[in-house]
Amino acid sequence: MAGGFGTRLRPLTMNLPKPMVPLLNKPMMEHIVDLLKVHGFHNLTSLLYFQPEAITSYFGDGSTFGVDMKYTRAEADYGTAGSVRNATEQHGMKERILIISGDILTDFDLSAALKFHQEKKAVATIVLTHVKNPLQFGVVITEEDGRIARFLEKPSWGEVFSDTINTGIYILEPEAFERIPYRREFDFSKDLFPLLLEEKSGLYGYIADGYWRDIGNLIEYHEAHLDALAGKVQLNVHGEPRENAIIEKGTEVNGALLYGQNIIGKNVKISPGATLLNSVIGDDTVIGSGATLEDAVLWDHVAIGDLAYINHAVICSNSNIGVEAKIHEHVFMGERCQVGEKAEIMPNVKLCPQKQIESGSILHTSLVLEDKWSKALFTNSRISGASNIEITPEFTAKVGASFGALCGMGQYVVISRDSDPGSRVISRALTSGLMSAGVNVRDLEQSPIPLTRHDLLNGRQAGGVHVRKNPYEKRRTDIIFFDSDGKDLTSTKGKTIERYFFGEDFPRAPYDKVGTIEFPVRTGEAYRKKFHQECQY
């Protein structure tokens, strides 16, 4: 089963189908092929859907991997069981079949499972295992003889009656497929197995010993690497074992310090003084002098600058990490990203492919649609960016809280905007951020900039903000900041806001000090009166 989109593994799967995502420098699916081959399964059929060419071009007819590989591309969504039935019809398969996902990590003894299936004369056998948290899996109870008595798909805690779960590995006799309608949507867990259970038609569960992990999200993907490095799962890994590492041909370690267990691919160049601890390094990667990698996973063709620091992160192919850059835990970086010198990416950030992080900048938020991240927010007295892509409500609320930290709790700030709906969204996000910092907001709503500046002349406000669609580039939003006297915000105060924003150390108001919002009236009348007074002179 190799048709998954891998949505929860993005950005790693933006350009790859999930089964082809590398694990220990081999596609996940290749580890499954290795396991099947060890247990005598040589005639394989892959069910494809998303980006099938990536799989077919890698495995070909399977001869390079010691198997005979055929392919079936989904014509429609027939469900898990319906898709397998479709494949059996296309390839004329009439014998017993083992079904396994191409995106799990396991070293189960499939021969033992097959022996169990044969001894029980089962129509269908589900391979089971024990897990600590069964909520995301199908829970199963078996009788003493292994016959399945009850199961429930993805229960809540109140419904959990077992820690034994369905691993998605099945052994089916041809007669099981007679119950699967051809070219109709039909699922194993929701349809076929309940039917067999109701018919009492030889549905068994085999509880397997060994390692099994469903690599369903980014954290699971990274943890699978650490488990493999720790020897918790038995896998076939290419390379020559050395002290603290398994290293492939053409690699130059050059006096680097290796600790724990590391797996290093082909033609890697590691400079003197670099330190690796429990890391996986892909082919043709270059690691600079003094760089430190801890629990890191690097794909192919990655360049790590001198003195860079990477901890508990995943970096995809063709990415470059600058000198003295820092990548913190649970950062997942897509392909062809560029991180500048002395830039820092804080924990729990995802970067989609081809993102650029400017030298010296600090990144706290994920980059999905934005092209780049700069170390400075302000250009003169304003912040500008692509509407609802770079200038988003989440980003703007944080800017508002940072501006509120500059103004001070209990102070007042004037906000205005133009008529654009996007400006209204950003204005409200700014208001939320300011109020969270204990700042009171005078919302002029839709007003021109001169009225905002004029309102600040009364001296009662600490500053002001105007949100507008950029007059020259309609897809961009401008956030313009004013000082307490109505003039443009000074560069010194702009840098203070940036320091609060990037440092994320802006204060939050206590529950009883949260700011208020008011909608002043007659601001236009006051402006006209002042204008006429000035004209008389």
# chains A, B, ... in the order shown; residues from 1 in each chain; ligands from 1
$ residues_around --residues "Tyr204 of chain A" --least-positions-apart "5" --cutoff "12 Å" --atoms "only C-alpha atoms" --output "ChimeraX atom specification"
/A:113-114,116-128,140-151,166,170-172,193,196-197
$ select_by_dssp --residues "segment 136-224 of chain A" --states "strand (DSSP E or B)" --output "ChimeraX atom specification"
/A:138-142,147-153,164-172,203-207,212-214
$ closest_residue --among "A:Gly82, A:Gly102, A:Pro27, A:Gly239" --to "Glu178 of chain A" --atoms "only C-alpha atoms"
A:Gly82
$ residues_around --residues "segment 495-508 of chain A" --least-positions-apart "3" --cutoff "9 Å" --atoms "only C-alpha atoms" --output "PDB file with all heavy atoms, in the first residue's frame"
ATOM      1  N   SER A 361      18.904  36.838  11.305  1.00  0.00           N
ATOM      2  CA  SER A 361      17.505  36.910  11.731  1.00  0.00           C
ATOM      3  C   SER A 361      17.162  35.784  12.689  1.00  0.00           C
ATOM      4  O   SER A 361      17.880  34.789  12.803  1.00  0.00           O
ATOM      5  CB  SER A 361      16.581  36.853  10.508  1.00  0.00           C
ATOM      6  OG  SER A 361      16.752  35.627   9.815  1.00  0.00           O
ATOM      7  N   ILE A 362      16.054  35.950  13.403  1.00  0.00           N
ATOM      8  CA  ILE A 362      15.549  34.945  14.342  1.00  0.00           C
ATOM      9  C   ILE A 362      14.132  34.589  13.914  1.00  0.00           C
ATOM     10  O   ILE A 362      13.273  35.472  13.813  1.00  0.00           O
ATOM     11  CB  ILE A 362      15.549  35.469  15.785  1.00  0.00           C
ATOM     12  CG1 ILE A 362      16.963  35.881  16.205  1.00  0.00           C
ATOM     13  CG2 ILE A 362      15.016  34.412  16.748  1.00  0.00           C
ATOM     14  CD1 ILE A 362      17.023  36.559  17.558  1.00  0.00           C
ATOM     15  N   LEU A 363      13.898  33.335  13.660  1.00  0.00           N
ATOM     16  CA  LEU A 363      12.600  32.871  13.165  1.00  0.00           C
ATOM     17  C   LEU A 363      11.886  32.069  14.239  1.00  0.00           C
ATOM     18  O   LEU A 363      12.398  31.066  14.724  1.00  0.00           O
ATOM     19  CB  LEU A 363      12.789  32.018  11.908  1.00  0.00           C
ATOM     20  CG  LEU A 363      11.524  31.415  11.294  1.00  0.00           C
ATOM     21  CD1 LEU A 363      10.581  32.512  10.825  1.00  0.00           C
ATOM     22  CD2 LEU A 363      11.872  30.492  10.143  1.00  0.00           C
ATOM     23  N   HIS A 364      10.675  32.523  14.604  1.00  0.00           N
ATOM     24  CA  HIS A 364       9.866  31.849  15.618  1.00  0.00           C
ATOM     25  C   HIS A 364       8.666  31.124  15.024  1.00  0.00           C
ATOM     26  O   HIS A 364       8.088  30.263  15.679  1.00  0.00           O
ATOM     27  CB  HIS A 364       9.335  32.864  16.644  1.00  0.00           C
ATOM     28  CG  HIS A 364      10.386  33.475  17.511  1.00  0.00           C
ATOM     29  ND1 HIS A 364      10.801  32.907  18.693  1.00  0.00           N
ATOM     30  CD2 HIS A 364      11.120  34.593  17.352  1.00  0.00           C
ATOM     31  CE1 HIS A 364      11.735  33.668  19.238  1.00  0.00           C
ATOM     32  NE2 HIS A 364      11.950  34.697  18.444  1.00  0.00           N
ATOM     33  N   LYS A 375      15.615  39.742   9.015  1.00  0.00           N
ATOM     34  CA  LYS A 375      15.971  40.018  10.413  1.00  0.00           C
ATOM     35  C   LYS A 375      15.345  41.320  10.901  1.00  0.00           C
ATOM     36  O   LYS A 375      15.357  41.610  12.093  1.00  0.00           O
ATOM     37  CB  LYS A 375      17.486  40.073  10.571  1.00  0.00           C
ATOM     38  CG  LYS A 375      18.170  41.227   9.855  1.00  0.00           C
ATOM     39  CD  LYS A 375      19.661  41.209  10.138  1.00  0.00           C
ATOM     40  CE  LYS A 375      20.367  42.361   9.412  1.00  0.00           C
ATOM     41  NZ  LYS A 375      21.818  42.340   9.681  1.00  0.00           N
ATOM     42  N   ALA A 376      14.824  42.168  10.000  1.00  0.00           N
ATOM     43  CA  ALA A 376      14.204  43.435  10.375  1.00  0.00           C
ATOM     44  C   ALA A 376      12.742  43.439   9.945  1.00  0.00           C
ATOM     45  O   ALA A 376      12.400  42.990   8.853  1.00  0.00           O
ATOM     46  CB  ALA A 376      14.940  44.600   9.731  1.00  0.00           C
ATOM     47  N   LEU A 377      11.882  43.958  10.817  1.00  0.00           N
ATOM     48  CA  LEU A 377      10.469  44.088  10.475  1.00  0.00           C
ATOM     49  C   LEU A 377      10.206  45.386   9.734  1.00  0.00           C
ATOM     50  O   LEU A 377       9.432  45.427   8.787  1.00  0.00           O
ATOM     51  CB  LEU A 377       9.618  44.068  11.745  1.00  0.00           C
ATOM     52  CG  LEU A 377       9.567  42.780  12.567  1.00  0.00           C
ATOM     53  CD1 LEU A 377       8.724  43.003  13.812  1.00  0.00           C
ATOM     54  CD2 LEU A 377       8.991  41.650  11.746  1.00  0.00           C
ATOM     55  N   PHE A 378      10.861  46.459  10.172  1.00  0.00           N
ATOM     56  CA  PHE A 378      10.510  47.798   9.736  1.00  0.00           C
ATOM     57  C   PHE A 378      11.319  48.260   8.538  1.00  0.00           C
ATOM     58  O   PHE A 378      12.514  47.987   8.421  1.00  0.00           O
ATOM     59  CB  PHE A 378      10.723  48.798  10.877  1.00  0.00           C
ATOM     60  CG  PHE A 378       9.625  48.781  11.905  1.00  0.00           C
ATOM     61  CD1 PHE A 378       9.637  47.873  12.942  1.00  0.00           C
ATOM     62  CD2 PHE A 378       8.580  49.686  11.826  1.00  0.00           C
ATOM     63  CE1 PHE A 378       8.633  47.849  13.880  1.00  0.00           C
ATOM     64  CE2 PHE A 378       7.569  49.684  12.768  1.00  0.00           C
ATOM     65  CZ  PHE A 378       7.585  48.758  13.794  1.00  0.00           C
ATOM     66  N   LYS A 398       1.027  39.463  17.200  1.00  0.00           N
ATOM     67  CA  LYS A 398       2.321  39.488  17.895  1.00  0.00           C
ATOM     68  C   LYS A 398       2.986  40.862  17.762  1.00  0.00           C
ATOM     69  O   LYS A 398       3.588  41.364  18.709  1.00  0.00           O
ATOM     70  CB  LYS A 398       3.210  38.383  17.324  1.00  0.00           C
ATOM     71  CG  LYS A 398       4.509  38.163  18.065  1.00  0.00           C
ATOM     72  CD  LYS A 398       5.245  36.979  17.449  1.00  0.00           C
ATOM     73  CE  LYS A 398       6.661  36.883  17.975  1.00  0.00           C
ATOM     74  NZ  LYS A 398       7.414  35.784  17.338  1.00  0.00           N
ATOM     75  N   VAL A 399       2.866  41.476  16.568  1.00  0.00           N
ATOM     76  CA  VAL A 399       3.375  42.837  16.390  1.00  0.00           C
ATOM     77  C   VAL A 399       2.643  43.794  17.325  1.00  0.00           C
ATOM     78  O   VAL A 399       3.257  44.671  17.957  1.00  0.00           O
ATOM     79  CB  VAL A 399       3.219  43.288  14.924  1.00  0.00           C
ATOM     80  CG1 VAL A 399       3.500  44.781  14.776  1.00  0.00           C
ATOM     81  CG2 VAL A 399       4.148  42.498  14.021  1.00  0.00           C
ATOM     82  N   ALA A 401       1.238  43.110  20.223  1.00  0.00           N
ATOM     83  CA  ALA A 401       1.702  42.912  21.596  1.00  0.00           C
ATOM     84  C   ALA A 401       3.072  43.545  21.799  1.00  0.00           C
ATOM     85  O   ALA A 401       3.366  44.095  22.879  1.00  0.00           O
ATOM     86  CB  ALA A 401       1.750  41.427  21.914  1.00  0.00           C
ATOM     87  N   SER A 402       3.925  43.488  20.777  1.00  0.00           N
ATOM     88  CA  SER A 402       5.256  44.090  20.874  1.00  0.00           C
ATOM     89  C   SER A 402       5.163  45.614  20.934  1.00  0.00           C
ATOM     90  O   SER A 402       5.890  46.261  21.699  1.00  0.00           O
ATOM     91  CB  SER A 402       6.105  43.659  19.675  1.00  0.00           C
ATOM     92  OG  SER A 402       6.210  42.257  19.603  1.00  0.00           O
ATOM     93  N   PHE A 403       4.274  46.200  20.118  1.00  0.00           N
ATOM     94  CA  PHE A 403       4.054  47.641  20.165  1.00  0.00           C
ATOM     95  C   PHE A 403       3.466  48.040  21.524  1.00  0.00           C
ATOM     96  O   PHE A 403       3.824  49.081  22.099  1.00  0.00           O
ATOM     97  CB  PHE A 403       3.132  48.047  19.026  1.00  0.00           C
ATOM     98  CG  PHE A 403       2.959  49.531  18.860  1.00  0.00           C
ATOM     99  CD1 PHE A 403       3.988  50.414  19.144  1.00  0.00           C
ATOM    100  CD2 PHE A 403       1.764  50.050  18.386  1.00  0.00           C
ATOM    101  CE1 PHE A 403       3.841  51.789  18.971  1.00  0.00           C
ATOM    102  CE2 PHE A 403       1.595  51.416  18.211  1.00  0.00           C
ATOM    103  CZ  PHE A 403       2.630  52.279  18.509  1.00  0.00           C
ATOM    104  N   GLY A 404       2.570  47.179  22.034  1.00  0.00           N
ATOM    105  CA  GLY A 404       1.996  47.442  23.357  1.00  0.00           C
ATOM    106  C   GLY A 404       3.041  47.445  24.451  1.00  0.00           C
ATOM    107  O   GLY A 404       2.975  48.241  25.398  1.00  0.00           O
ATOM    108  N   ALA A 405       4.049  46.559  24.332  1.00  0.00           N
ATOM    109  CA  ALA A 405       5.125  46.532  25.314  1.00  0.00           C
ATOM    110  C   ALA A 405       5.921  47.835  25.285  1.00  0.00           C
ATOM    111  O   ALA A 405       6.371  48.328  26.317  1.00  0.00           O
ATOM    112  CB  ALA A 405       6.043  45.345  25.043  1.00  0.00           C
ATOM    113  N   LEU A 406       6.097  48.407  24.081  1.00  0.00           N
ATOM    114  CA  LEU A 406       6.786  49.682  23.956  1.00  0.00           C
ATOM    115  C   LEU A 406       5.962  50.811  24.585  1.00  0.00           C
ATOM    116  O   LEU A 406       6.500  51.658  25.317  1.00  0.00           O
ATOM    117  CB  LEU A 406       7.036  49.989  22.480  1.00  0.00           C
ATOM    118  CG  LEU A 406       7.529  51.400  22.153  1.00  0.00           C
ATOM    119  CD1 LEU A 406       8.955  51.592  22.662  1.00  0.00           C
ATOM    120  CD2 LEU A 406       7.464  51.659  20.646  1.00  0.00           C
ATOM    121  N   SER A 436      -3.951  42.664  24.679  1.00  0.00           N
ATOM    122  CA  SER A 436      -3.345  41.596  25.481  1.00  0.00           C
ATOM    123  C   SER A 436      -2.159  42.112  26.289  1.00  0.00           C
ATOM    124  O   SER A 436      -1.797  41.536  27.316  1.00  0.00           O
ATOM    125  CB  SER A 436      -2.894  40.447  24.579  1.00  0.00           C
ATOM    126  OG  SER A 436      -1.733  40.792  23.841  1.00  0.00           O
ATOM    127  N   ALA A 437      -1.545  43.223  25.811  1.00  0.00           N
ATOM    128  CA  ALA A 437      -0.435  43.835  26.541  1.00  0.00           C
ATOM    129  C   ALA A 437      -0.916  44.899  27.522  1.00  0.00           C
ATOM    130  O   ALA A 437      -0.090  45.613  28.110  1.00  0.00           O
ATOM    131  CB  ALA A 437       0.553  44.441  25.555  1.00  0.00           C
ATOM    132  N   GLY A 438      -2.233  45.026  27.675  1.00  0.00           N
ATOM    133  CA  GLY A 438      -2.781  45.984  28.635  1.00  0.00           C
ATOM    134  C   GLY A 438      -2.936  47.382  28.087  1.00  0.00           C
ATOM    135  O   GLY A 438      -3.124  48.345  28.850  1.00  0.00           O
ATOM    136  N   THR A 490       9.925  56.742  15.264  1.00  0.00           N
ATOM    137  CA  THR A 490      11.372  56.829  15.084  1.00  0.00           C
ATOM    138  C   THR A 490      11.973  55.443  14.880  1.00  0.00           C
ATOM    139  O   THR A 490      11.413  54.427  15.304  1.00  0.00           O
ATOM    140  CB  THR A 490      12.034  57.482  16.302  1.00  0.00           C
ATOM    141  OG1 THR A 490      11.857  56.636  17.436  1.00  0.00           O
ATOM    142  CG2 THR A 490      11.434  58.853  16.584  1.00  0.00           C
ATOM    143  N   SER A 491      13.120  55.395  14.226  1.00  0.00           N
ATOM    144  CA  SER A 491      13.792  54.121  13.986  1.00  0.00           C
ATOM    145  C   SER A 491      14.206  53.462  15.292  1.00  0.00           C
ATOM    146  O   SER A 491      14.209  52.232  15.405  1.00  0.00           O
ATOM    147  CB  SER A 491      15.021  54.340  13.094  1.00  0.00           C
ATOM    148  OG  SER A 491      15.941  55.218  13.708  1.00  0.00           O
ATOM    149  N   THR A 492      14.519  54.247  16.316  1.00  0.00           N
ATOM    150  CA  THR A 492      14.899  53.689  17.621  1.00  0.00           C
ATOM    151  C   THR A 492      13.744  52.912  18.224  1.00  0.00           C
ATOM    152  O   THR A 492      13.918  51.791  18.725  1.00  0.00           O
ATOM    153  CB  THR A 492      15.339  54.810  18.577  1.00  0.00           C
ATOM    154  OG1 THR A 492      16.452  55.484  18.011  1.00  0.00           O
ATOM    155  CG2 THR A 492      15.737  54.238  19.938  1.00  0.00           C
ATOM    156  N   VAL A 514      -6.312  43.782  31.252  1.00  0.00           N
ATOM    157  CA  VAL A 514      -6.397  43.718  29.793  1.00  0.00           C
ATOM    158  C   VAL A 514      -6.982  45.024  29.265  1.00  0.00           C
ATOM    159  O   VAL A 514      -7.879  45.620  29.875  1.00  0.00           O
ATOM    160  CB  VAL A 514      -7.259  42.519  29.356  1.00  0.00           C
ATOM    161  CG1 VAL A 514      -7.538  42.575  27.866  1.00  0.00           C
ATOM    162  CG2 VAL A 514      -6.552  41.220  29.696  1.00  0.00           C
TER     163      VAL A 514
END
$ residues_around --residues "segment 45-49 of chain A" --least-positions-apart "4" --cutoff "9 Å" --atoms "only C-alpha atoms" --output "PyMOL selection string"
chain A and resi 1-5+17+55+68-75+83-84+87+91+102
$ select_by_dssp --residues "segment 225-273 of chain A" --states "alpha helix (DSSP H)" --output "ChimeraX atom specification"
/A:225-229
$ residues_around --residues "segment 253-255 of chain A" --least-positions-apart "4" --cutoff "9 Å" --atoms "only C-alpha atoms" --output "NGL selection string"
:A and (268-274)
$ write_last_selection --atoms "all heavy atoms" --output "mmCIF file, in the first residue's frame"
data_model
loop_
_atom_site.group_PDB
_atom_site.id
_atom_site.type_symbol
_atom_site.label_atom_id
_atom_site.label_comp_id
_atom_site.auth_asym_id
_atom_site.auth_seq_id
_atom_site.Cartn_x
_atom_site.Cartn_y
_atom_site.Cartn_z
ATOM 1 N N VAL A 268 30.357 11.970 1.731
ATOM 2 C CA VAL A 268 30.157 13.043 2.711
ATOM 3 C C VAL A 268 31.515 13.589 3.124
ATOM 4 O O VAL A 268 32.468 12.832 3.299
ATOM 5 C CB VAL A 268 29.379 12.522 3.940
ATOM 6 C CG1 VAL A 268 29.269 13.598 5.009
ATOM 7 C CG2 VAL A 268 27.993 12.041 3.521
ATOM 8 N N LYS A 269 31.595 14.895 3.305
ATOM 9 C CA LYS A 269 32.837 15.523 3.764
ATOM 10 C C LYS A 269 32.567 16.224 5.089
ATOM 11 O O LYS A 269 31.773 17.175 5.141
ATOM 12 C CB LYS A 269 33.364 16.505 2.722
ATOM 13 C CG LYS A 269 33.878 15.835 1.457
ATOM 14 C CD LYS A 269 34.399 16.840 0.455
ATOM 15 C CE LYS A 269 35.091 16.148 -0.718
ATOM 16 N NZ LYS A 269 34.268 15.135 -1.381
ATOM 17 N N ILE A 270 33.214 15.731 6.137
ATOM 18 C CA ILE A 270 33.047 16.297 7.475
ATOM 19 C C ILE A 270 34.372 16.924 7.887
ATOM 20 O O ILE A 270 35.396 16.248 7.964
ATOM 21 C CB ILE A 270 32.610 15.227 8.488
ATOM 22 C CG1 ILE A 270 31.351 14.507 7.979
ATOM 23 C CG2 ILE A 270 32.347 15.850 9.843
ATOM 24 C CD1 ILE A 270 30.881 13.380 8.873
ATOM 25 N N SER A 271 34.362 18.203 8.172
ATOM 26 C CA SER A 271 35.585 18.941 8.450
ATOM 27 C C SER A 271 36.081 18.686 9.869
ATOM 28 O O SER A 271 35.306 18.285 10.752
ATOM 29 C CB SER A 271 35.349 20.443 8.256
ATOM 30 O OG SER A 271 34.948 20.716 6.933
ATOM 31 N N PRO A 272 37.358 18.920 10.128
ATOM 32 C CA PRO A 272 37.927 18.746 11.470
ATOM 33 C C PRO A 272 37.199 19.628 12.481
ATOM 34 O O PRO A 272 36.800 20.755 12.183
ATOM 35 C CB PRO A 272 39.379 19.193 11.305
ATOM 36 C CG PRO A 272 39.669 19.016 9.859
ATOM 37 C CD PRO A 272 38.390 19.306 9.140
ATOM 38 N N GLY A 273 37.040 19.076 13.679
ATOM 39 C CA GLY A 273 36.398 19.831 14.746
ATOM 40 C C GLY A 273 34.890 19.735 14.775
ATOM 41 O O GLY A 273 34.251 20.201 15.721
ATOM 42 N N ALA A 274 34.292 19.150 13.741
ATOM 43 C CA ALA A 274 32.843 18.951 13.756
ATOM 44 C C ALA A 274 32.489 17.836 14.748
ATOM 45 O O ALA A 274 33.267 16.919 14.977
ATOM 46 C CB ALA A 274 32.333 18.599 12.371
#
$ residues_around --residues "Gly210 of chain A" --least-positions-apart "4" --cutoff "8 Å" --atoms "only C-alpha atoms" --output "short mmCIF file (atom, residue, chain, number, x, y, z; two decimals) with N, CA and C atoms, in the first residue's frame"
data_model
loop_
_atom_site.label_atom_id
_atom_site.label_comp_id
_atom_site.auth_asym_id
_atom_site.auth_seq_id
_atom_site.Cartn_x
_atom_site.Cartn_y
_atom_site.Cartn_z
N THR A 106 9.04 -1.44 10.75
CA THR A 106 8.84 -2.64 11.56
C THR A 106 9.90 -3.69 11.23
N ASP A 107 10.13 -4.55 12.20
CA ASP A 107 10.98 -5.73 11.96
C ASP A 107 10.26 -7.00 12.39
N PHE A 108 8.93 -7.00 12.30
CA PHE A 108 8.13 -8.15 12.69
C PHE A 108 8.59 -9.42 11.95
N ASP A 109 8.42 -10.54 12.63
CA ASP A 109 8.69 -11.85 12.02
C ASP A 109 7.45 -12.24 11.21
N VAL A 233 15.19 -1.27 16.52
CA VAL A 233 14.60 -1.94 15.38
C VAL A 233 15.73 -2.45 14.50
#
$ closest_residue --among "A:Val237, A:Ile165, A:Thr275, A:Gly60" --to "Ile263 of chain A" --atoms "only C-alpha atoms"
A:Val237
$ atom_distance --atom1 "atom CA of Glu185 of chain A" --atom2 "atom CA of Gly79 of chain A"
4.9 Å
$ residues_around --residues "segment 284-287 of chain A" --least-positions-apart "5" --cutoff "12 Å" --atoms "only C-alpha atoms" --output "PyMOL selection string"
chain A and resi 25+248-254+256+264-276+292-293+297-310+315-323
$ decode --residues "segment 72-79 of chain A" --atoms "all heavy atoms" --output "PDB file, in the first residue's frame"
ATOM      1  N   THR A  72       0.066  -1.046  -9.529  1.00  0.00           N
ATOM      2  CA  THR A  72      -1.316  -0.752  -9.871  1.00  0.00           C
ATOM      3  C   THR A  72      -1.599   0.693  -9.484  1.00  0.00           C
ATOM      4  O   THR A  72      -1.411   1.072  -8.319  1.00  0.00           O
ATOM      5  CB  THR A  72      -2.296  -1.674  -9.124  1.00  0.00           C
ATOM      6  OG1 THR A  72      -2.072  -3.030  -9.530  1.00  0.00           O
ATOM      7  CG2 THR A  72      -3.732  -1.282  -9.428  1.00  0.00           C
ATOM      8  N   ARG A  73      -2.011   1.480 -10.446  1.00  0.00           N
ATOM      9  CA  ARG A  73      -2.341   2.871 -10.175  1.00  0.00           C
ATOM     10  C   ARG A  73      -3.844   3.012  -9.990  1.00  0.00           C
ATOM     11  O   ARG A  73      -4.630   2.498 -10.790  1.00  0.00           O
ATOM     12  CB  ARG A  73      -1.864   3.767 -11.319  1.00  0.00           C
ATOM     13  CG  ARG A  73      -0.370   3.645 -11.572  1.00  0.00           C
ATOM     14  CD  ARG A  73       0.142   4.734 -12.480  1.00  0.00           C
ATOM     15  NE  ARG A  73       1.552   4.534 -12.789  1.00  0.00           N
ATOM     16  CZ  ARG A  73       2.335   5.432 -13.365  1.00  0.00           C
ATOM     17  NH1 ARG A  73       1.834   6.608 -13.683  1.00  0.00           N
ATOM     18  NH2 ARG A  73       3.602   5.171 -13.621  1.00  0.00           N
ATOM     19  N   ALA A  74      -4.220   3.712  -8.940  1.00  0.00           N
ATOM     20  CA  ALA A  74      -5.634   3.835  -8.589  1.00  0.00           C
ATOM     21  C   ALA A  74      -6.393   4.599  -9.673  1.00  0.00           C
ATOM     22  O   ALA A  74      -5.972   5.675 -10.097  1.00  0.00           O
ATOM     23  CB  ALA A  74      -5.775   4.551  -7.251  1.00  0.00           C
ATOM     24  N   GLU A  75      -7.492   4.027 -10.119  1.00  0.00           N
ATOM     25  CA  GLU A  75      -8.354   4.707 -11.078  1.00  0.00           C
ATOM     26  C   GLU A  75      -9.384   5.573 -10.358  1.00  0.00           C
ATOM     27  O   GLU A  75      -9.892   6.543 -10.907  1.00  0.00           O
ATOM     28  CB  GLU A  75      -9.078   3.666 -11.932  1.00  0.00           C
ATOM     29  CG  GLU A  75      -8.119   2.745 -12.693  1.00  0.00           C
ATOM     30  CD  GLU A  75      -8.826   1.549 -13.286  1.00  0.00           C
ATOM     31  OE1 GLU A  75     -10.075   1.484 -13.156  1.00  0.00           O
ATOM     32  OE2 GLU A  75      -8.147   0.692 -13.877  1.00  0.00           O
ATOM     33  N   ALA A  76      -9.679   5.197  -9.116  1.00  0.00           N
ATOM     34  CA  ALA A  76     -10.629   5.941  -8.288  1.00  0.00           C
ATOM     35  C   ALA A  76     -10.369   5.537  -6.844  1.00  0.00           C
ATOM     36  O   ALA A  76      -9.570   4.638  -6.565  1.00  0.00           O
ATOM     37  CB  ALA A  76     -12.070   5.628  -8.691  1.00  0.00           C
ATOM     38  N   ASP A  77     -11.039   6.207  -5.917  1.00  0.00           N
ATOM     39  CA  ASP A  77     -10.877   5.881  -4.499  1.00  0.00           C
ATOM     40  C   ASP A  77     -11.820   4.734  -4.149  1.00  0.00           C
ATOM     41  O   ASP A  77     -13.004   4.932  -3.893  1.00  0.00           O
ATOM     42  CB  ASP A  77     -11.184   7.111  -3.637  1.00  0.00           C
ATOM     43  CG  ASP A  77     -10.888   6.846  -2.165  1.00  0.00           C
ATOM     44  OD1 ASP A  77     -10.396   5.747  -1.836  1.00  0.00           O
ATOM     45  OD2 ASP A  77     -11.140   7.745  -1.350  1.00  0.00           O
ATOM     46  N   TYR A  78     -11.241   3.523  -4.159  1.00  0.00           N
ATOM     47  CA  TYR A  78     -12.038   2.338  -3.842  1.00  0.00           C
ATOM     48  C   TYR A  78     -11.895   1.916  -2.379  1.00  0.00           C
ATOM     49  O   TYR A  78     -12.380   0.855  -2.003  1.00  0.00           O
ATOM     50  CB  TYR A  78     -11.604   1.168  -4.735  1.00  0.00           C
ATOM     51  CG  TYR A  78     -11.865   1.387  -6.206  1.00  0.00           C
ATOM     52  CD1 TYR A  78     -10.875   1.103  -7.145  1.00  0.00           C
ATOM     53  CD2 TYR A  78     -13.096   1.859  -6.658  1.00  0.00           C
ATOM     54  CE1 TYR A  78     -11.096   1.292  -8.500  1.00  0.00           C
ATOM     55  CE2 TYR A  78     -13.328   2.051  -8.013  1.00  0.00           C
ATOM     56  CZ  TYR A  78     -12.331   1.770  -8.934  1.00  0.00           C
ATOM     57  OH  TYR A  78     -12.560   1.963 -10.270  1.00  0.00           O
ATOM     58  N   GLY A  79     -11.228   2.723  -1.535  1.00  0.00           N
ATOM     59  CA  GLY A  79     -10.974   2.309  -0.163  1.00  0.00           C
ATOM     60  C   GLY A  79      -9.823   1.326  -0.102  1.00  0.00           C
ATOM     61  O   GLY A  79      -9.308   0.863  -1.133  1.00  0.00           O
TER      62      GLY A  79
END
